[in-house]
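Engineer: A single structure is presented below for examination.
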Amino acid sequence: MSLSEFLTEELKEFDRKEKEQVEVIADTIEECLAIASGHLGRKVHEIDYTVLKRGKKSLFFSEPYHIRASIIPDDLLLDELSLLDEHLTGGSGKLVSKDLKELVTPKNKDGRVSVKIYRTGVFLTVHPPSGEGMEMSMADVSKKLSFRGVAGIDQNLLNKIIKEKKGEPVLISNQKPKAGNDSSCNVEIAQENMRAFVTVFPARPGGRDLEVSDIVAALKGMGVAHGLKEDEIRKSLDEDIINKPFIGAEGDFPVNGKNAEIKYYVRTEKKINFKEDQSGRVDYKDLDMIENVVVGQLLAEKLPAEKGKFGRNLFGMVLPAKDGLDTELKQGKGTILSEDKMRLTAEVNGQVLYAAGRLSVETVYRINGDVGVRTGNVTFLGSIIITGNVEDNYSVKAAGNIEIYGTVQKAIVEADGDIIVRQGVTGREEARVESTGGNIVAKFIQNATCITEKDIIVQEGILHSHLMAGGKISCKGKRGQIVGGTIQAAQLISAKIIGSQANPQTDLIVGNNPKILKQIQEYEEKRKENQDKLDQLTKTMRTLKARKEADPASFTAEQDAHLQKLEAGTKKLEKRIAEAGKDIQTLTEYMDEQAANGRISVEKTIFPGVTIRIRNAEFKLRHETKAKTFYEEEAQIRSAPYEDPDEAKNDWRKKRGRGKSKN
């Protein structure tokens, strides 16, 4: 190599060091590293440093720190990640995954030249750069060959290898290794015979480089019989890692089996979760304190214990491992444990509870006190018992029964089963009590809406309320009075007193079933929707037919196909309209049949101002009337002497001929 080439190489090396290391002076190590990070363009964790002068602090003066900072090579970064992975995850490899290695690998990396001298000849490898890294030049290759003591190589062959830069070794000379200058290695067994570190020492000029077989032989010479890492050895030799230990063999560390654990699919801790709407307001009523489950829902499952995996050290000795400990999936009330005792499911609908390591499902939820700020709204897939009141603006919903010991205020109460309000409903015109499949029972109902498919039974009074029942409405307690509002029942309305001397508007309607009325309304809406579609299609179809008749020659096949689709569509709509009309008629006839036996019974007095409607007949009382049963006959409201409907049952119509009168 000429003097000019040598000086050029030295300048390149100086530039490289200037880019990869810097000396910094600052008050603290952290400040030094921050400055170095900005200068070198690397993150702090990618920088290594040596303290050249340690700073001092005293009362009167201080001395700064002086460090030399350099960029940590990429391979060392990966080694550090491997050690961290071993410490944190037991060597799972999660911290040094392929994706993470790609993140660590620099985008810009210079090319590299490798010269290997083996018994079979001299091999040259030119590695390409990555990103904006520098490519290898003829000067780089010549310097490397000179350093390794290789001369007399065909320049054309070198130019070709440099140009192609395939990163693969190419035989460039049959030169034999120089005896006595060969590379050597040192093997050190560490970490309780679990790892063998190999340090390769470079060959002197012309000396032979070590091969994988040489390293393997050295390891075996130290007694290593298990865990040889030939791929890692090959990689380290190819990358010319010298004077720095790398792992040449590694034993299998024993892995203790994981203990069995229970995976819960429901909450085991009750925490209040406040929910915000889009505007950021918090709903303090929906506290989500009850977790409802349904029959067959998976509540928990056991993840079985794992067997321990035996290890083996470098010398082949077996290292024991512990099996994971088992645990029990406990069965509670209202749950089903699978035969293999691995899965726990709900046996009933209800509230899931966790106590003493056991899940149970309760079909009854008991609230000791009021439903209000403390409880929030309550929704439960079983039955609910409330010992207090349901306060204003709160709701209680249950799939079973609801029993309330206090009152229902301006609130909503809904259940699939019976609703019992022991003290009564004081709704202030906004309360709503509804049962889809049970009875409603209350001491009194005032200024509220109550709806059920079965019966409404009130002890003391129904005041200015709207009631709808698919069965009967009864108010026959000690006072037993209905005053004001609209009272609708499919079969019977009975009370001791109906109306009052103040003559408030009181409407009694028998023959309307709320469920059937709702179904009729839905069918009517569907019929109207289909009728509107039919009218639109018919209008379009008439327009196309008129165009076809006026000018058949210009009527295209596409238009004709569209016309046929319209005709088919109108037929479907006509069929749907007819079916909806038939369903409406069937439901109406069924409701009329129920209303045919409908009646209104008053045990003591019914006052003027009360309107009675049974089926299509209507009558408004103008005089105070005593102890009567009203019914419909020949589109007229008629009356008969009062008989207790609960005692008379179905015989009242046979007896009504005695003393019946036309109103």
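Labeling convention for the structure tokens: chains A, B, ... as they appear, residues from 1 per chain, ligands from 1 in order of appearance.
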Name the residues in contact with Asp370 in chain A at a cut-off of 10 Å, using only C-alpha atoms, excluding same-chain residues fewer than 3 positions from it; report them as a ChimeraX atom specification.

Structural biologist: /A:367,373-376,386-391,404-407

Engineer: What are the closest atom pairs, with distances in Å to one decimal, for all residues of range 253-368 of chain A lying within 9 Å of range 184-201 of chain A? Consider only C-alpha atoms, order rows by chain and residue number, and present the result as a Markdown table.

Structural biologist:
```
| residue | atom | partner | partner_atom | distance |
| --- | --- | --- | --- | --- |
| A:Phe253 | CA | A:Met194 | CA | 7.6 |
| A:Arg312 | CA | A:Met194 | CA | 8.1 |
| A:Asn313 | CA | A:Met194 | CA | 5.1 |
| A:Leu314 | CA | A:Met194 | CA | 5.6 |
| A:Phe315 | CA | A:Asn193 | CA | 7.4 |
```

Engineer: May I have all residues of range 376-527 of chain A that DSSP, computed from the backbone, assigns to helix (DSSP H, G or I), given as a list in words?

Structural biologist: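 Taking range 376-527 of chain A and keeping helix (DSSP H, G or I) only, one gets Pro514, Lys515, Ile516, Leu517, Lys518, Gln519, Ile520, Gln521, Glu522, Tyr523, Glu524, Glu525, Lys526 and Arg527 of chain A.
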
Engineer: Can you pull out the residues contacting Glu46 in chain A? Cut-off 7 Å, using only C-alpha atoms, and skip same-chain residues under 2 positions away; I want them as a PyMOL selection string.

Structural biologist: chain A and resi 42-44+48+71-72

Engineer: Compile the contact shell of Asp455 in chain A as number ranges by chain: residues with an atom at most 6 Å away, counting only C-alpha atoms, same-chain residues fewer than 6 positions apart removed.

Structural biologist: A: 439, 469, 471-473

Engineer: Tell me which protein, DNA and RNA residues are within 12 Å of Leu337 in chain A, counting only C-alpha atoms, leaving out same-chain ones fewer than 2 positions away, and put them as a PDB file with N, CA and C atoms, in the first residue's frame.

Structural biologist:
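Now in selection.pdb:
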```pdb
ATOM      1  N   GLY A 296     -76.396 -21.224  30.940  1.00  0.00           N
ATOM      2  CA  GLY A 296     -75.409 -21.759  30.003  1.00  0.00           C
ATOM      3  C   GLY A 296     -74.210 -20.867  29.766  1.00  0.00           C
ATOM      4  N   GLN A 297     -74.210 -19.657  30.327  1.00  0.00           N
ATOM      5  CA  GLN A 297     -73.081 -18.746  30.116  1.00  0.00           C
ATOM      6  C   GLN A 297     -71.841 -19.257  30.838  1.00  0.00           C
ATOM      7  N   LEU A 298     -70.703 -19.209  30.145  1.00  0.00           N
ATOM      8  CA  LEU A 298     -69.436 -19.640  30.738  1.00  0.00           C
ATOM      9  C   LEU A 298     -68.982 -18.603  31.756  1.00  0.00           C
ATOM     10  N   LEU A 299     -68.790 -19.053  32.980  1.00  0.00           N
ATOM     11  CA  LEU A 299     -68.388 -18.168  34.063  1.00  0.00           C
ATOM     12  C   LEU A 299     -66.885 -18.215  34.323  1.00  0.00           C
ATOM     13  N   ALA A 300     -66.323 -19.420  34.260  1.00  0.00           N
ATOM     14  CA  ALA A 300     -64.894 -19.574  34.551  1.00  0.00           C
ATOM     15  C   ALA A 300     -64.418 -20.905  33.985  1.00  0.00           C
ATOM     16  N   GLU A 301     -63.136 -21.011  33.769  1.00  0.00           N
ATOM     17  CA  GLU A 301     -62.555 -22.285  33.363  1.00  0.00           C
ATOM     18  C   GLU A 301     -61.159 -22.420  33.965  1.00  0.00           C
ATOM     19  N   LYS A 302     -60.778 -23.655  34.161  1.00  0.00           N
ATOM     20  CA  LYS A 302     -59.468 -23.922  34.752  1.00  0.00           C
ATOM     21  C   LYS A 302     -58.449 -24.179  33.658  1.00  0.00           C
ATOM     22  N   GLU A 328     -58.235 -25.985  42.364  1.00  0.00           N
ATOM     23  CA  GLU A 328     -59.602 -26.493  42.201  1.00  0.00           C
ATOM     24  C   GLU A 328     -60.525 -25.383  41.710  1.00  0.00           C
ATOM     25  N   LEU A 329     -61.325 -25.711  40.707  1.00  0.00           N
ATOM     26  CA  LEU A 329     -62.387 -24.817  40.263  1.00  0.00           C
ATOM     27  C   LEU A 329     -63.613 -25.131  41.103  1.00  0.00           C
ATOM     28  N   LYS A 330     -63.958 -24.225  42.014  1.00  0.00           N
ATOM     29  CA  LYS A 330     -65.008 -24.500  42.986  1.00  0.00           C
ATOM     30  C   LYS A 330     -66.387 -24.159  42.419  1.00  0.00           C
ATOM     31  N   GLN A 331     -67.345 -25.023  42.721  1.00  0.00           N
ATOM     32  CA  GLN A 331     -68.709 -24.833  42.255  1.00  0.00           C
ATOM     33  C   GLN A 331     -69.551 -24.182  43.340  1.00  0.00           C
ATOM     34  N   GLY A 332     -70.309 -23.162  42.967  1.00  0.00           N
ATOM     35  CA  GLY A 332     -71.207 -22.507  43.900  1.00  0.00           C
ATOM     36  C   GLY A 332     -72.654 -22.735  43.527  1.00  0.00           C
ATOM     37  N   LYS A 333     -73.529 -22.142  44.282  1.00  0.00           N
ATOM     38  CA  LYS A 333     -74.964 -22.269  44.058  1.00  0.00           C
ATOM     39  C   LYS A 333     -75.349 -21.681  42.699  1.00  0.00           C
ATOM     40  N   GLY A 334     -76.223 -22.406  42.006  1.00  0.00           N
ATOM     41  CA  GLY A 334     -76.717 -21.913  40.725  1.00  0.00           C
ATOM     42  C   GLY A 334     -75.733 -22.046  39.586  1.00  0.00           C
ATOM     43  N   THR A 335     -74.734 -22.936  39.744  1.00  0.00           N
ATOM     44  CA  THR A 335     -73.746 -23.145  38.681  1.00  0.00           C
ATOM     45  C   THR A 335     -73.620 -24.633  38.375  1.00  0.00           C
ATOM     46  N   GLU A 339     -68.010 -32.279  33.755  1.00  0.00           N
ATOM     47  CA  GLU A 339     -67.550 -33.573  34.269  1.00  0.00           C
ATOM     48  C   GLU A 339     -66.046 -33.607  34.481  1.00  0.00           C
ATOM     49  N   ASP A 340     -65.329 -32.937  33.597  1.00  0.00           N
ATOM     50  CA  ASP A 340     -63.870 -32.921  33.758  1.00  0.00           C
ATOM     51  C   ASP A 340     -63.411 -31.844  34.748  1.00  0.00           C
ATOM     52  N   LYS A 341     -64.389 -31.129  35.359  1.00  0.00           N
ATOM     53  CA  LYS A 341     -64.125 -30.108  36.368  1.00  0.00           C
ATOM     54  C   LYS A 341     -63.226 -28.979  35.853  1.00  0.00           C
ATOM     55  N   MET A 342     -63.419 -28.677  34.550  1.00  0.00           N
ATOM     56  CA  MET A 342     -62.591 -27.644  33.942  1.00  0.00           C
ATOM     57  C   MET A 342     -63.393 -26.392  33.569  1.00  0.00           C
ATOM     58  N   ARG A 343     -64.722 -26.511  33.479  1.00  0.00           N
ATOM     59  CA  ARG A 343     -65.552 -25.382  33.052  1.00  0.00           C
ATOM     60  C   ARG A 343     -66.739 -25.205  33.998  1.00  0.00           C
ATOM     61  N   LEU A 344     -67.022 -23.939  34.318  1.00  0.00           N
ATOM     62  CA  LEU A 344     -68.136 -23.621  35.200  1.00  0.00           C
ATOM     63  C   LEU A 344     -69.110 -22.725  34.436  1.00  0.00           C
ATOM     64  N   THR A 345     -70.378 -23.159  34.351  1.00  0.00           N
ATOM     65  CA  THR A 345     -71.387 -22.407  33.626  1.00  0.00           C
ATOM     66  C   THR A 345     -72.561 -22.090  34.551  1.00  0.00           C
ATOM     67  N   ALA A 346     -73.379 -21.107  34.131  1.00  0.00           N
ATOM     68  CA  ALA A 346     -74.540 -20.702  34.926  1.00  0.00           C
ATOM     69  C   ALA A 346     -75.677 -21.703  34.729  1.00  0.00           C
ATOM     70  N   GLU A 347     -76.290 -22.103  35.826  1.00  0.00           N
ATOM     71  CA  GLU A 347     -77.428 -23.017  35.779  1.00  0.00           C
ATOM     72  C   GLU A 347     -78.736 -22.254  35.648  1.00  0.00           C
ATOM     73  N   ARG A 358     -65.221 -18.788  45.268  1.00  0.00           N
ATOM     74  CA  ARG A 358     -66.287 -19.585  44.663  1.00  0.00           C
ATOM     75  C   ARG A 358     -67.288 -18.656  43.973  1.00  0.00           C
ATOM     76  N   LEU A 359     -67.689 -19.028  42.755  1.00  0.00           N
ATOM     77  CA  LEU A 359     -68.708 -18.283  42.032  1.00  0.00           C
ATOM     78  C   LEU A 359     -70.074 -18.918  42.262  1.00  0.00           C
ATOM     79  N   SER A 360     -71.081 -18.085  42.429  1.00  0.00           N
ATOM     80  CA  SER A 360     -72.450 -18.573  42.547  1.00  0.00           C
ATOM     81  C   SER A 360     -73.364 -17.628  41.787  1.00  0.00           C
TER      82      SER A 360
END
```

Engineer: From the set A:Thr452, A:Thr268, A:Gln459, A:Thr540, which residue has the shortest atom-to-atom contact distance to Lys478 in chain A, counting only C-alpha atoms?

Structural biologist: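 Closest to Lys478 in chain A, using only C-alpha atoms: A:Gln459.
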
Engineer: Can you list, as a PyMOL selection string, all residues belonging to range 197-357 of chain A that DSSP tags as strand (DSSP E)?

Structural biologist: chain A and resi 197-201+246-250+261-264+275-276+282-283+292-293+298-303+311-312+318-319+335-337+343-346+350-355

Engineer: Kindly give the distance, in Å, that separates CA of Gly477 in chain A and CA of Lys443 in chain A, rounded to a single decimal.

Structural biologist: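 Between these atoms lies a distance of 8.7 Å.
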
Engineer: Which neighbours of range 416-433 of chain A fall inside 7 Å, counting only C-alpha atoms, when residues of the same chain fewer than 2 positions from it are skipped, and could you give them as number ranges by chain?

Structural biologist: A: 398-414, 435-451

Engineer: Can you tell me how far CA of Asn159 in chain A sits from CA of Gly111 in chain A, in Å to one decimal?

Structural biologist: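 CA of Gly111 in chain A lies 15.2 Å from CA of Asn159 in chain A.
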
Engineer: Restricting the calculation to only C-alpha atoms: of A:Leu517, A:Val318, A:Leu573, A:Cys32, which residue gets closest to Pro254 in chain A?

Structural biologist: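 Among the listed residues, the smallest separation from Pro254 in chain A belongs to A:Val318.
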
Engineer: Please produce, as CSV, a per-residue contact table for range 155-222 of chain A versus range 122-144 of chain A (criterion: any atom at most 6 Å away, only C-alpha atoms considered), showing the nearest atom pair and its distance in Å to one decimal, sorted by chain then residue number.

Structural biologist:
```
residue,atom,partner,partner_atom,distance
A:Lys165,CA,A:Val126,CA,5.0
A:Gly167,CA,A:His127,CA,4.2
A:Glu168,CA,A:Thr125,CA,5.4
A:Pro169,CA,A:Thr125,CA,4.4
A:Val170,CA,A:Phe123,CA,5.1
A:Leu171,CA,A:Phe123,CA,4.4
A:Ile172,CA,A:Phe123,CA,5.8
A:Ser173,CA,A:Val122,CA,5.1
```

Engineer: Write the selection just made, keeping all heavy atoms, as a PDB file, in the first residue's frame?

Structural biologist:
```
ATOM      1  N   LYS A 165     -20.761  -7.431  -5.043  1.00  0.00           N
ATOM      2  CA  LYS A 165     -20.987  -7.374  -3.573  1.00  0.00           C
ATOM      3  C   LYS A 165     -22.155  -8.267  -3.132  1.00  0.00           C
ATOM      4  O   LYS A 165     -23.133  -7.821  -2.523  1.00  0.00           O
ATOM      5  CB  LYS A 165     -21.199  -5.925  -3.115  1.00  0.00           C
ATOM      6  CG  LYS A 165     -22.182  -5.085  -3.875  1.00  0.00           C
ATOM      7  CD  LYS A 165     -22.197  -3.662  -3.308  1.00  0.00           C
ATOM      8  CE  LYS A 165     -23.128  -2.741  -4.100  1.00  0.00           C
ATOM      9  NZ  LYS A 165     -22.684  -2.575  -5.510  1.00  0.00           N
ATOM     10  N   GLY A 167     -22.066 -10.595  -0.896  1.00  0.00           N
ATOM     11  CA  GLY A 167     -22.039 -11.011   0.498  1.00  0.00           C
ATOM     12  C   GLY A 167     -21.748 -12.495   0.650  1.00  0.00           C
ATOM     13  O   GLY A 167     -22.048 -13.077   1.707  1.00  0.00           O
ATOM     14  N   GLU A 168     -21.190 -13.116  -0.373  1.00  0.00           N
ATOM     15  CA  GLU A 168     -20.862 -14.547  -0.348  1.00  0.00           C
ATOM     16  C   GLU A 168     -19.358 -14.724  -0.572  1.00  0.00           C
ATOM     17  O   GLU A 168     -18.743 -13.987  -1.359  1.00  0.00           O
ATOM     18  CB  GLU A 168     -21.633 -15.296  -1.433  1.00  0.00           C
ATOM     19  CG  GLU A 168     -23.153 -15.214  -1.259  1.00  0.00           C
ATOM     20  CD  GLU A 168     -23.881 -15.874  -2.429  1.00  0.00           C
ATOM     21  OE1 GLU A 168     -23.183 -16.286  -3.389  1.00  0.00           O
ATOM     22  OE2 GLU A 168     -25.120 -15.958  -2.386  1.00  0.00           O
ATOM     23  N   PRO A 169     -18.714 -15.714   0.109  1.00  0.00           N
ATOM     24  CA  PRO A 169     -17.263 -15.917  -0.056  1.00  0.00           C
ATOM     25  C   PRO A 169     -16.917 -16.427  -1.466  1.00  0.00           C
ATOM     26  O   PRO A 169     -17.598 -17.301  -2.003  1.00  0.00           O
ATOM     27  CB  PRO A 169     -16.931 -16.955   1.013  1.00  0.00           C
ATOM     28  CG  PRO A 169     -18.220 -17.640   1.316  1.00  0.00           C
ATOM     29  CD  PRO A 169     -19.299 -16.646   1.087  1.00  0.00           C
ATOM     30  N   VAL A 170     -15.843 -15.840  -2.044  1.00  0.00           N
ATOM     31  CA  VAL A 170     -15.378 -16.224  -3.391  1.00  0.00           C
ATOM     32  C   VAL A 170     -13.898 -16.590  -3.287  1.00  0.00           C
ATOM     33  O   VAL A 170     -13.100 -15.838  -2.708  1.00  0.00           O
ATOM     34  CB  VAL A 170     -15.580 -15.075  -4.394  1.00  0.00           C
ATOM     35  CG1 VAL A 170     -15.068 -15.504  -5.777  1.00  0.00           C
ATOM     36  CG2 VAL A 170     -17.049 -14.667  -4.466  1.00  0.00           C
ATOM     37  N   LEU A 171     -13.524 -17.736  -3.832  1.00  0.00           N
ATOM     38  CA  LEU A 171     -12.122 -18.170  -3.834  1.00  0.00           C
ATOM     39  C   LEU A 171     -11.319 -17.256  -4.751  1.00  0.00           C
ATOM     40  O   LEU A 171     -11.619 -17.127  -5.944  1.00  0.00           O
ATOM     41  CB  LEU A 171     -12.022 -19.624  -4.312  1.00  0.00           C
ATOM     42  CG  LEU A 171     -10.605 -20.211  -4.387  1.00  0.00           C
ATOM     43  CD1 LEU A 171      -9.985 -20.315  -2.996  1.00  0.00           C
ATOM     44  CD2 LEU A 171     -10.639 -21.591  -5.056  1.00  0.00           C
ATOM     45  N   ILE A 172     -10.302 -16.607  -4.196  1.00  0.00           N
ATOM     46  CA  ILE A 172      -9.502 -15.679  -5.004  1.00  0.00           C
ATOM     47  C   ILE A 172      -8.050 -16.128  -5.128  1.00  0.00           C
ATOM     48  O   ILE A 172      -7.295 -15.567  -5.925  1.00  0.00           O
ATOM     49  CB  ILE A 172      -9.546 -14.268  -4.410  1.00  0.00           C
ATOM     50  CG1 ILE A 172      -8.994 -14.251  -2.981  1.00  0.00           C
ATOM     51  CG2 ILE A 172     -10.968 -13.710  -4.438  1.00  0.00           C
ATOM     52  CD1 ILE A 172      -8.836 -12.842  -2.403  1.00  0.00           C
ATOM     53  N   SER A 173      -7.626 -17.139  -4.324  1.00  0.00           N
ATOM     54  CA  SER A 173      -6.226 -17.566  -4.385  1.00  0.00           C
ATOM     55  C   SER A 173      -6.083 -18.955  -3.769  1.00  0.00           C
ATOM     56  O   SER A 173      -6.846 -19.310  -2.862  1.00  0.00           O
ATOM     57  CB  SER A 173      -5.328 -16.569  -3.638  1.00  0.00           C
ATOM     58  OG  SER A 173      -4.001 -17.059  -3.532  1.00  0.00           O
TER      59      SER A 173
END
```
